[in-house]
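Novice: Would you mind keeping the following structure in view while I ask a few things?
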Amino acid sequence: MRIGVIGAGAWGTTLASLVAARTETRLWARELEVVESVRDDHENRPFLHGFRLPDELTVTNELDEALDDVDVVVVAVPSQHLRATITAARPLVPRRATIVSVAKGIELGTGRRMSQVLSEVLVDHRPDSIGVLSGPTLAREIMGGQPAATCIAFPDLARATVVQSLFMGDAFRVYTSDDVVGCEIGGAAKNVIAIAAGVADGLGYGMNTKAALITRGLAELTRLGVALGGRPLTFLGLAGNGDLIATCSSPYSRNRRVGEELARGRSLDDIARATQTVAEGIKTAPALLELAGTVGVDLPISTTVDAVLRGDVSPLEVVPLLMQRSPKAELQGLAV
C-alpha cells in the first residue's frame, strides 16, 4: 500500500513515522524548513525535535508527489485549514483512496465536522471511504515508544479494519468503530475542556477540581455528541473519555497549556506568537457553541472558556461562574 500524509505537524509526522518502515509513505509539508529537516537530517526539528524519523520516509512540498497513486490519504492539517488544503489536493486524490482525518476540530462558520468537510470537497468519493482516527495520542509519547491506544472510525467497519491493520504496532493499539460522529465530537470538544483544565492548573487548583472538570466535561461532550447522532458508549471510550483525560492532564497538551498561560496573565495573542503549533480548542470553542445551538444543547464549560478566550471573562471568574450555576441532577440531559 502507498500512504500519503498531508500535514507535517507533530501528529502527522508521528503517523507517517509509524507506517513508513512497513509500507511506502510520503509526507507532505507546507513549510520548506520541515522538508529540508526531514529530508537531510531525518528529524522534524520545527514540530517534533529530538526524534529520528525512518530513513524510508519520503518528504515533499509538492502535493502531486505526495498523492501520486496512493491507497490511503491521511489528512493531518489543522481543522481551520483543512478545507483549503483538501480543495487544492482534490484533483490529485485517487478516487479509490481511503481518506483518514486526524484533525480534531469544528469548522468555524459552518459547524462542519472534519469528515463532513472532506465529503463536501471530495465529491467523487464514496461517503464510506472517509473516516477518522481519534483518541489519546500525544505525539511525543508515541514517538518515544510508550504504549498507547486509539480508535479508527468509518461508516464501513470493513474499511476501518483495513486501516486498523495499517497502524497497529507493538506499542500502538488501534480499535475500530463505526461511530464517526461520536469520535469526531469527542476529539473536538475535549480540546475546549482542556483549556478550562489548564486555567484550573494555572490558578493552582488540585485534583478535585481537575476531576470535576473532566467528569463534567465528559457529560458536556456526551450531550452534544448524542444530540448530533453519536452513541453514548463512544464517549466512554478512547475517542471520548480517553482523549479527554490525556488532553486535560498532560504537560504536552497544547490546549491545556493555553489555559494555564491565560491563568498566569498572558494574553492570547502573546501565547499564539510564542508557539508554532496550533491549539485547536481556541477556534473550536465558538464553532462548538454554534453547533450546540443548532440542537439546543447547553455547554456551560465550553461557554465559559469561549468567554475567557474572547476577553469577556477573566480566568479568575471561571470557577465562580461554573460553581454558582443552579443546582441540577448529575445525569440531567444524558441518556442512561
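By convention in this document, the chains of the C-alpha cells carry letters A, B, ... by their order, each chain's residues are numbered from 1, and ligands are numbered from 1 in the order they are shown.
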If you run DSSP over the backbone, which residues in range 140-281 of chain A end up helix (DSSP H, G or I)? Put them as a tab-separated table (two decimals) with C-alpha atoms, in the first residue's frame.

Specialist:
chain	number	residue	atom	x	y	z
A	140	ARG	CA	5.98	12.80	21.74
A	141	GLU	CA	4.93	9.88	23.93
A	142	ILE	CA	4.17	7.70	20.91
A	143	MET	CA	7.44	8.62	19.22
A	157	LEU	CA	-16.32	-1.36	9.55
A	158	ALA	CA	-14.51	-3.42	6.92
A	159	ARG	CA	-12.64	-0.32	5.80
A	160	ALA	CA	-11.90	0.57	9.43
A	161	THR	CA	-10.35	-2.88	9.85
A	162	VAL	CA	-8.02	-2.30	6.88
A	163	VAL	CA	-6.79	0.99	8.35
A	164	GLN	CA	-6.53	-0.64	11.78
A	165	SER	CA	-4.05	-3.18	10.41
A	166	LEU	CA	-2.05	-0.41	8.79
A	167	PHE	CA	-1.38	1.49	12.02
A	180	VAL	CA	-17.78	8.62	13.13
A	181	VAL	CA	-19.96	11.36	14.66
A	182	GLY	CA	-19.20	10.34	18.24
A	183	CYS	CA	-15.46	10.02	17.65
A	184	GLU	CA	-15.24	13.42	15.96
A	185	ILE	CA	-17.29	15.29	18.55
A	186	GLY	CA	-15.28	13.71	21.37
A	187	GLY	CA	-12.00	14.68	19.71
A	188	ALA	CA	-13.06	18.26	19.02
A	189	ALA	CA	-14.87	19.10	22.27
A	190	LYS	CA	-12.15	17.75	24.57
A	191	ASN	CA	-9.79	20.47	23.34
A	192	VAL	CA	-12.10	23.14	24.71
A	193	ILE	CA	-12.47	21.36	28.06
A	194	ALA	CA	-8.67	21.07	28.23
A	195	ILE	CA	-8.34	24.86	28.12
A	196	ALA	CA	-10.57	25.01	31.21
A	197	ALA	CA	-8.39	22.37	32.86
A	198	GLY	CA	-5.32	24.46	32.08
A	199	VAL	CA	-6.94	27.51	33.67
A	200	ALA	CA	-7.53	25.46	36.82
A	201	ASP	CA	-3.90	24.32	36.81
A	202	GLY	CA	-2.66	27.87	36.30
A	207	MET	CA	-7.04	17.12	41.63
A	208	ASN	CA	-10.57	17.53	43.00
A	209	THR	CA	-11.04	20.45	40.63
A	210	LYS	CA	-9.41	18.61	37.72
A	211	ALA	CA	-11.56	15.52	38.28
A	212	ALA	CA	-14.71	17.62	38.40
A	213	LEU	CA	-13.83	19.42	35.18
A	214	ILE	CA	-13.00	16.21	33.33
A	215	THR	CA	-16.16	14.47	34.53
A	216	ARG	CA	-18.50	17.38	33.80
A	217	GLY	CA	-16.65	17.96	30.53
A	218	LEU	CA	-17.38	14.36	29.60
A	219	ALA	CA	-21.07	14.97	30.33
A	220	GLU	CA	-20.94	18.06	28.13
A	221	LEU	CA	-19.40	16.45	25.08
A	222	THR	CA	-21.64	13.38	25.50
A	223	ARG	CA	-24.80	15.53	25.50
A	224	LEU	CA	-23.72	17.25	22.32
A	225	GLY	CA	-22.47	14.12	20.59
A	226	VAL	CA	-25.64	12.14	21.27
A	227	ALA	CA	-27.81	15.05	20.10
A	232	PRO	CA	-23.41	7.30	24.30
A	233	LEU	CA	-20.89	4.48	24.84
A	234	THR	CA	-18.47	6.04	22.34
A	235	PHE	CA	-17.84	8.85	24.82
A	236	LEU	CA	-16.74	6.38	27.49
A	238	LEU	CA	-10.78	6.22	23.73
A	239	ALA	CA	-12.14	8.98	21.48
A	240	GLY	CA	-14.15	10.43	24.38
A	241	ASN	CA	-13.04	9.85	27.95
A	242	GLY	CA	-9.56	8.62	26.99
A	243	ASP	CA	-8.69	11.64	24.89
A	244	LEU	CA	-10.27	13.98	27.43
A	245	ILE	CA	-8.14	12.65	30.30
A	246	ALA	CA	-4.90	12.88	28.32
A	247	THR	CA	-5.54	16.35	26.92
A	248	CYS	CA	-6.64	17.80	30.25
A	249	SER	CA	-3.69	16.32	32.15
A	254	ARG	CA	-1.20	22.49	23.76
A	255	ASN	CA	-4.78	23.30	24.75
A	256	ARG	CA	-4.16	22.72	28.45
A	257	ARG	CA	-1.08	24.92	28.19
A	258	VAL	CA	-3.10	27.75	26.64
A	259	GLY	CA	-5.46	27.75	29.63
A	260	GLU	CA	-2.56	27.61	32.06
A	261	GLU	CA	-0.83	30.59	30.45
A	262	LEU	CA	-4.06	32.59	30.35
A	263	ALA	CA	-4.49	31.99	34.09
A	268	LEU	CA	-4.00	35.03	23.91
A	269	ASP	CA	-2.09	36.90	21.20
A	270	ASP	CA	1.14	36.60	23.18
A	271	ILE	CA	0.60	32.87	23.69
A	272	ALA	CA	-0.08	32.34	19.96
A	273	ARG	CA	3.05	34.28	18.93
A	281	GLY	CA	-9.56	24.47	21.16

Novice: Please identify all polymer residues within 10 Å of Ile86 in chain A, counting only C-alpha atoms, omitting same-chain residues fewer than 3 positions from it, and present them as a list in words.

Specialist: Ile6, Leu63, Val75, Val77, His81, Leu82, Arg83, Ala89, Arg90, Pro91, Leu92, Val93, Val117, Leu118, Val121 and Leu122 of chain A

Novice: Selection from above, N, CA and C atoms, as a PDB file, in the first residue's frame, can you write it?

Specialist:
ATOM      1  N   ILE A   6      -0.866  14.192   4.606  1.00  0.00           N
ATOM      2  CA  ILE A   6      -0.940  15.612   4.280  1.00  0.00           C
ATOM      3  C   ILE A   6      -0.901  16.407   5.584  1.00  0.00           C
ATOM      4  N   LEU A  63       2.155  18.575  -3.521  1.00  0.00           N
ATOM      5  CA  LEU A  63       1.009  17.701  -3.281  1.00  0.00           C
ATOM      6  C   LEU A  63       0.920  16.574  -4.299  1.00  0.00           C
ATOM      7  N   VAL A  75      -5.154  12.939   6.449  1.00  0.00           N
ATOM      8  CA  VAL A  75      -5.244  14.397   6.436  1.00  0.00           C
ATOM      9  C   VAL A  75      -4.967  14.900   7.852  1.00  0.00           C
ATOM     10  N   VAL A  77      -3.838  18.234   8.752  1.00  0.00           N
ATOM     11  CA  VAL A  77      -3.668  19.683   8.833  1.00  0.00           C
ATOM     12  C   VAL A  77      -4.631  20.236   9.878  1.00  0.00           C
ATOM     13  N   HIS A  81      -7.779  24.945   8.472  1.00  0.00           N
ATOM     14  CA  HIS A  81      -7.095  24.977   7.173  1.00  0.00           C
ATOM     15  C   HIS A  81      -7.426  23.748   6.328  1.00  0.00           C
ATOM     16  N   LEU A  82      -8.223  22.846   6.859  1.00  0.00           N
ATOM     17  CA  LEU A  82      -8.450  21.582   6.169  1.00  0.00           C
ATOM     18  C   LEU A  82      -9.172  21.785   4.844  1.00  0.00           C
ATOM     19  N   ARG A  83     -10.220  22.608   4.818  1.00  0.00           N
ATOM     20  CA  ARG A  83     -10.989  22.776   3.578  1.00  0.00           C
ATOM     21  C   ARG A  83     -10.109  23.323   2.449  1.00  0.00           C
ATOM     22  N   ALA A  89      -5.878  19.857  -3.039  1.00  0.00           N
ATOM     23  CA  ALA A  89      -5.442  18.481  -3.303  1.00  0.00           C
ATOM     24  C   ALA A  89      -6.461  17.675  -4.096  1.00  0.00           C
ATOM     25  N   ARG A  90      -7.691  18.140  -4.150  1.00  0.00           N
ATOM     26  CA  ARG A  90      -8.787  17.339  -4.712  1.00  0.00           C
ATOM     27  C   ARG A  90      -8.480  16.708  -6.078  1.00  0.00           C
ATOM     28  N   PRO A  91      -7.934  17.429  -7.066  1.00  0.00           N
ATOM     29  CA  PRO A  91      -7.687  16.794  -8.372  1.00  0.00           C
ATOM     30  C   PRO A  91      -6.634  15.688  -8.315  1.00  0.00           C
ATOM     31  N   LEU A  92      -5.879  15.645  -7.234  1.00  0.00           N
ATOM     32  CA  LEU A  92      -4.748  14.719  -7.126  1.00  0.00           C
ATOM     33  C   LEU A  92      -5.072  13.475  -6.306  1.00  0.00           C
ATOM     34  N   VAL A  93      -6.198  13.473  -5.578  1.00  0.00           N
ATOM     35  CA  VAL A  93      -6.546  12.353  -4.705  1.00  0.00           C
ATOM     36  C   VAL A  93      -7.179  11.239  -5.537  1.00  0.00           C
ATOM     37  N   VAL A 117     -16.493  18.067   6.047  1.00  0.00           N
ATOM     38  CA  VAL A 117     -15.754  18.941   5.137  1.00  0.00           C
ATOM     39  C   VAL A 117     -15.134  18.120   4.013  1.00  0.00           C
ATOM     40  N   LEU A 118     -14.518  17.000   4.362  1.00  0.00           N
ATOM     41  CA  LEU A 118     -13.897  16.141   3.351  1.00  0.00           C
ATOM     42  C   LEU A 118     -14.931  15.618   2.357  1.00  0.00           C
ATOM     43  N   VAL A 121     -15.922  18.365  -0.117  1.00  0.00           N
ATOM     44  CA  VAL A 121     -14.903  18.705  -1.114  1.00  0.00           C
ATOM     45  C   VAL A 121     -14.631  17.536  -2.056  1.00  0.00           C
ATOM     46  N   LEU A 122     -14.484  16.347  -1.489  1.00  0.00           N
ATOM     47  CA  LEU A 122     -14.165  15.156  -2.296  1.00  0.00           C
ATOM     48  C   LEU A 122     -15.463  14.506  -2.771  1.00  0.00           C
TER      49      LEU A 122
END

Novice: Separation of CA of Leu203 in chain A and CA of Val278 in chain A, in Å?

Specialist: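 We find that CA of Leu203 in chain A and CA of Val278 in chain A lie 23.0 Å from each other.
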
Novice: Counting only C-alpha atoms, which of A:Ser134, A:Ser267, A:Thr277, A:Ser119 gets nearest to Ala8 in chain A?

Specialist: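 Smallest distance to Ala8 in chain A is found for A:Thr277.
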
Novice: Which residues, written as a ChimeraX atom specification, have at least one atom at most 12 Å from Arg22 in chain A, with only C-alpha atoms counted and residues fewer than 6 positions away on the same chain left out?

Specialist: /A:1-3,16,54-57,165-169

Novice: If you run DSSP on this backbone, which residues of range 138-191 of chain A come out as strand (DSSP E or B), and could you give them as a PyMOL selection string?

Specialist: chain A and resi 148-153+169+172-177

Novice: I need the chosen residues saved as an mmCIF file, in the first residue's frame, with N, CA and C atoms.

Specialist:
data_model
loop_
_atom_site.group_PDB
_atom_site.id
_atom_site.type_symbol
_atom_site.label_atom_id
_atom_site.label_comp_id
_atom_site.auth_asym_id
_atom_site.auth_seq_id
_atom_site.Cartn_x
_atom_site.Cartn_y
_atom_site.Cartn_z
ATOM 1 N N ALA A 148 0.256 3.085 23.713
ATOM 2 C CA ALA A 148 -0.889 3.969 23.519
ATOM 3 C C ALA A 148 -1.946 3.232 22.715
ATOM 4 N N ALA A 149 -3.163 3.744 22.767
ATOM 5 C CA ALA A 149 -4.269 3.157 22.016
ATOM 6 C C ALA A 149 -5.157 4.253 21.475
ATOM 7 N N THR A 150 -5.785 3.987 20.343
ATOM 8 C CA THR A 150 -6.668 4.962 19.721
ATOM 9 C C THR A 150 -7.790 4.235 19.000
ATOM 10 N N CYS A 151 -8.661 5.004 18.337
ATOM 11 C CA CYS A 151 -9.835 4.434 17.686
ATOM 12 C C CYS A 151 -9.904 4.915 16.239
ATOM 13 N N ILE A 152 -10.183 4.003 15.315
ATOM 14 C CA ILE A 152 -10.400 4.353 13.924
ATOM 15 C C ILE A 152 -11.867 4.102 13.598
ATOM 16 N N ALA A 153 -12.549 5.128 13.089
ATOM 17 C CA ALA A 153 -13.989 5.026 12.840
ATOM 18 C C ALA A 153 -14.306 5.311 11.375
ATOM 19 N N GLY A 169 0.769 -1.503 15.905
ATOM 20 C CA GLY A 169 2.178 -1.825 16.117
ATOM 21 C C GLY A 169 2.385 -2.406 17.500
ATOM 22 N N PHE A 172 1.413 0.425 19.781
ATOM 23 C CA PHE A 172 0.313 1.290 19.347
ATOM 24 C C PHE A 172 -0.869 0.415 18.949
ATOM 25 N N ARG A 173 -1.888 0.420 19.799
ATOM 26 C CA ARG A 173 -3.051 -0.439 19.579
ATOM 27 C C ARG A 173 -4.199 0.404 19.020
ATOM 28 N N VAL A 174 -4.873 -0.126 17.995
ATOM 29 C CA VAL A 174 -5.949 0.596 17.327
ATOM 30 C C VAL A 174 -7.230 -0.227 17.405
ATOM 31 N N TYR A 175 -8.302 0.392 17.883
ATOM 32 C CA TYR A 175 -9.619 -0.239 17.943
ATOM 33 C C TYR A 175 -10.514 0.346 16.852
ATOM 34 N N THR A 176 -11.481 -0.435 16.387
ATOM 35 C CA THR A 176 -12.373 0.019 15.322
ATOM 36 C C THR A 176 -13.730 0.446 15.875
ATOM 37 N N SER A 177 -14.391 1.321 15.108
ATOM 38 C CA SER A 177 -15.726 1.801 15.446
ATOM 39 C C SER A 177 -16.421 2.214 14.159
#

Novice: Here is a test: counting only C-alpha atoms, which residue of A:Ala29, A:Ala329, A:Ala20, A:Ala10 is nearest to Gly50 in chain A?

Specialist: A:Ala10

Novice: One decimal, Å: what's the distance from CA of Glu65 in chain A over to CA of Trp28 in chain A, could you say?

Specialist: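 These atoms are spaced 8.4 Å apart.
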
Novice: With distances taken over only C-alpha atoms, which residue among A:Leu228, A:Val5, A:Leu53, A:Ala139 lies nearest Leu291 in chain A?

Specialist: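 Of the candidates, the smallest distance to Leu291 in chain A is held by A:Leu228.
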
Novice: Please list as a ChimeraX atom specification every residue within 8 Å of Thr13 in chain A, counting only C-alpha atoms and excluding residues in the same chain fewer than 6 positions away.

Specialist: /A:7,27,44,48

Novice: Give me the residues within 12 Å of Leu289 in chain A as a PyMOL selection string, counting only C-alpha atoms and dropping any in the same chain fewer than 2 places off.

Specialist: chain A and resi 106-111+188-189+192+220-221+224+281+283-287+291-307

Novice: Generate a file of the selected residues that holds C-alpha atoms, formatted as a CSV table (one decimal), in the first residue's frame.

Specialist:
chain,number,residue,atom,x,y,z
A,106,ILE,CA,-15.2,22.0,14.1
A,107,GLU,CA,-15.1,24.4,11.1
A,108,LEU,CA,-15.9,28.0,12.0
A,109,GLY,CA,-18.8,29.4,10.1
A,110,THR,CA,-20.2,26.1,9.0
A,111,GLY,CA,-20.2,23.9,12.1
A,188,ALA,CA,-13.1,18.3,19.0
A,189,ALA,CA,-14.9,19.1,22.3
A,192,VAL,CA,-12.1,23.1,24.7
A,220,GLU,CA,-20.9,18.1,28.1
A,221,LEU,CA,-19.4,16.4,25.1
A,224,LEU,CA,-23.7,17.2,22.3
A,281,GLY,CA,-9.6,24.5,21.2
A,283,LYS,CA,-11.1,28.2,17.3
A,284,THR,CA,-13.2,25.2,18.1
A,285,ALA,CA,-14.8,26.9,21.2
A,286,PRO,CA,-17.0,29.3,19.2
A,287,ALA,CA,-17.7,26.8,16.5
A,291,LEU,CA,-23.1,23.8,16.6
A,292,ALA,CA,-24.6,23.2,20.1
A,293,GLY,CA,-27.1,26.0,19.5
A,294,THR,CA,-28.5,24.2,16.4
A,295,VAL,CA,-29.5,21.2,18.6
A,296,GLY,CA,-30.4,23.1,21.8
A,297,VAL,CA,-27.6,21.6,23.9
A,298,ASP,CA,-26.2,23.6,26.9
A,299,LEU,CA,-22.4,23.6,27.2
A,300,PRO,CA,-21.6,25.6,30.4
A,301,ILE,CA,-17.8,24.8,30.5
A,302,SER,CA,-17.3,25.5,26.8
A,303,THR,CA,-19.4,28.7,27.1
A,304,THR,CA,-17.2,29.9,29.9
A,305,VAL,CA,-14.0,29.0,28.0
A,306,ASP,CA,-15.2,30.9,25.0
A,307,ALA,CA,-15.9,34.0,27.1

Novice: CA of Asp64 in chain A and CA of Asp156 in chain A are how many Å apart?

Specialist: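 A separation of 27.7 Å between them.
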
Novice: Which is closer to Val100 in chain A than all the others in A:Gly4, A:Arg26, A:Gly135, A:Gly144, using only C-alpha atoms?

Specialist: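 Of the candidates, the smallest distance to Val100 in chain A is held by A:Gly4.
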
Novice: Would you kindly return, as a compact mmCIF listing (two decimals) with C-alpha atoms, in the first residue's frame, each protein, DNA or RNA residue with an atom no farther than 7 Å from any atom of range 30-35 of chain A, considering only C-alpha atoms and excluding same-chain residues fewer than 6 positions away?

Specialist:
# COMPACT_ATOMS: atom_id res chain seq x y z
CA ASN A 44 11.27 17.28 12.07
CA PRO A 46 10.29 22.63 13.93
CA VAL A 59 9.02 14.10 2.37
CA THR A 60 7.89 16.64 -0.21
CA ASN A 61 6.47 20.14 -0.58

Novice: For each of A:Thr98, A:Glu120, A:Leu67, A:Thr137, take the minimum atom-to-atom distance to Thr14 in chain A, counting only C-alpha atoms, then give the residue where this is smallest.

Specialist: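 Selected residue with least distance to Thr14 in chain A: A:Thr137.
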